[in-house]
Amino acid sequence: MSTLTPESPDTAVTVAPEALRIELAIGGMTCASCANRIERKLNKMDGVVATVNYATEKAHVEYPEGVEPDALVATVEAAGYTATLPPPPAAPDAPAPVSASEEADPTASLRQRLLVSTVLAVPVVVVSMVPAFQFTYWQWLALVLAAPVVVWGAWPFHRAAWVNLRHGAATMDTLVSVGTLAALAWSLYALVWGTAGIPGMVHPFTLTVSRGGGAGQIYLEVAAGVTVFVLAGRYAEARSKRAAGAALRALLEMGAKDVAVLRDGREERIPVAALAVGDRFVVRPGEKIATDGTVDDGTSAVDASMLTGEPVPVDVQPGSAVVGGCVNASGRLVVPATRVGTGKAAVQRLADRVSAVFVPVVIALAVATLGFWIGTGDGLAAALAAAVAVLIIACPCALGLATPTALLVGTGRGAQLGVLIKGPEVLESTRRVDTVVLDKTGTVTTGRMELVDTHVADGEDPDEALRMAGAVEDGSEHPIARAIADAARAADGAGLPGVSEFEAVHGLGVRGVVSDLIDNRVVAHAVLVGRPALLAAHDIELPDSLV
């Protein structure tokens, strides 16, 4: 597995150790403006620090002791959205949760709206843009086809705009709803009370601009086309989020689920989500390290292959940095947490700020346009046409839609390809990378060691030395030990001799007594296999030919 982890000042979320932490599932968000609004509402609560991610539909909230989780949910619901508390930990004998692939497809209703709207909108666009197809009363057929698209196809936008309006807010859905409804309403006005409904009316396509009252123009193709394009964008976004989210969920399954935290001298088991910066947690042999930290007490070997691809465990001691998700191979460690959670990318924070003011600015520009044209004396019809044009042009805003989705899909696609990206801010910072260094083991090679050759001192038998070493190493799970044992087993078809008094010496090697049958007699050999330091501890010097 290759890894992109350039340092960034925003990589970690630093909070006070006494702060509580919870992750809420948010529903009803339709654009980055919604996420920004929920975030502002939560952050107005005393002592609450919240980060809302539109792409993952999650709110990461840190709150003080006096705040109840139900109050956080109530704040989100008061803003016009839904929030769900995380489920309690499942019992050991509880059935496995339903996987994302087994759940009902959440994009099904959106896909249905998109397909039906496309079938209805394409004829409207064609007949409105190509004068050769404009038969008598074509404009009324366009109205019949476009009305269901704008009313039913765009219903999710209208519903979201109404909910936000009740709470005094405006989002991207407000622009989509106002723009498409305004185009439909204007077209109805032009058809019924203007000159657009007369038999034989032609809607020419020209590249020139001319001043007119607008009562003879209809915008049905704009209303239907914008609805279809925004629906297509939402559908593509939903599918991308679902696919990338599945890869990220599979990646998160590699991490620890709970952790033993030291509090008042006692170990207390808590969910990993409740771990805070500064908490000292215990990692026993075979357990996964819950989060990034620096070893405070204990020595061990840590399997970091999920991060680096290197199969050889790394020796750690007090002062050594360890990474969440790696496996503690041997000793007991006490680690203070230094990093929990991830932050937002700078571009996403920028998109959130822009989207928060974009909608009010566009509506203000439309109102100003209406007032300007009325003031010039061109009449209400021309003024309404100009104001509607502003709304229609602005409504399919891609900034708030594309930025969080691109970040989610980027990290998710990386996970599918075996590249661990620690967060959206890290993904964004890779634009400054000009050199990528790959650890060959596990990245450009298989990650499994193999014995290439055997070198022995003068007068010794290489096959016998490999046979003795392989017998002792067969009792170890170390990657180098497995390579030696496999090579010895392959070289000796009779099988490896038995071993007694086996002992693994941490960080140095293994030792044991090999019982071999020679001339119908059992001969015991004391065997040491390991680093030169292990041999030196037993007063054994390596000959110069092996140094």
# chains A, B, ... in the order shown; residues from 1 in each chain; ligands from 1
>>> residues_around(residues="region 482-491 of chain A", least_positions_apart="4", cutoff="9 Å", atoms="only C-alpha atoms", output="PyMOL selection string")
chain A and resi 448-452+463+466-478+495-496
>>> atom_distance(atom1="CA of Trp186 (chain A)", atom2="CA of Leu220 (chain A)")
9.0 Å
>>> residues_around(residues="Asp315 (chain A)", least_positions_apart="2", cutoff="8 Å", atoms="only C-alpha atoms", output="list of chain:residue names")
A:Thr299, A:Ser300, A:Ala301, A:Val302, A:Pro313, A:Gln317, A:Gly507
>>> closest_residue(among="A:Val359, A:Thr56, A:Val444, A:Asp173", to="Gly412 (chain A)", atoms="only C-alpha atoms")
A:Thr56
>>> atom_distance(atom1="CA of Val322 (chain A)", atom2="CA of Asp292 (chain A)")
5.8 Å
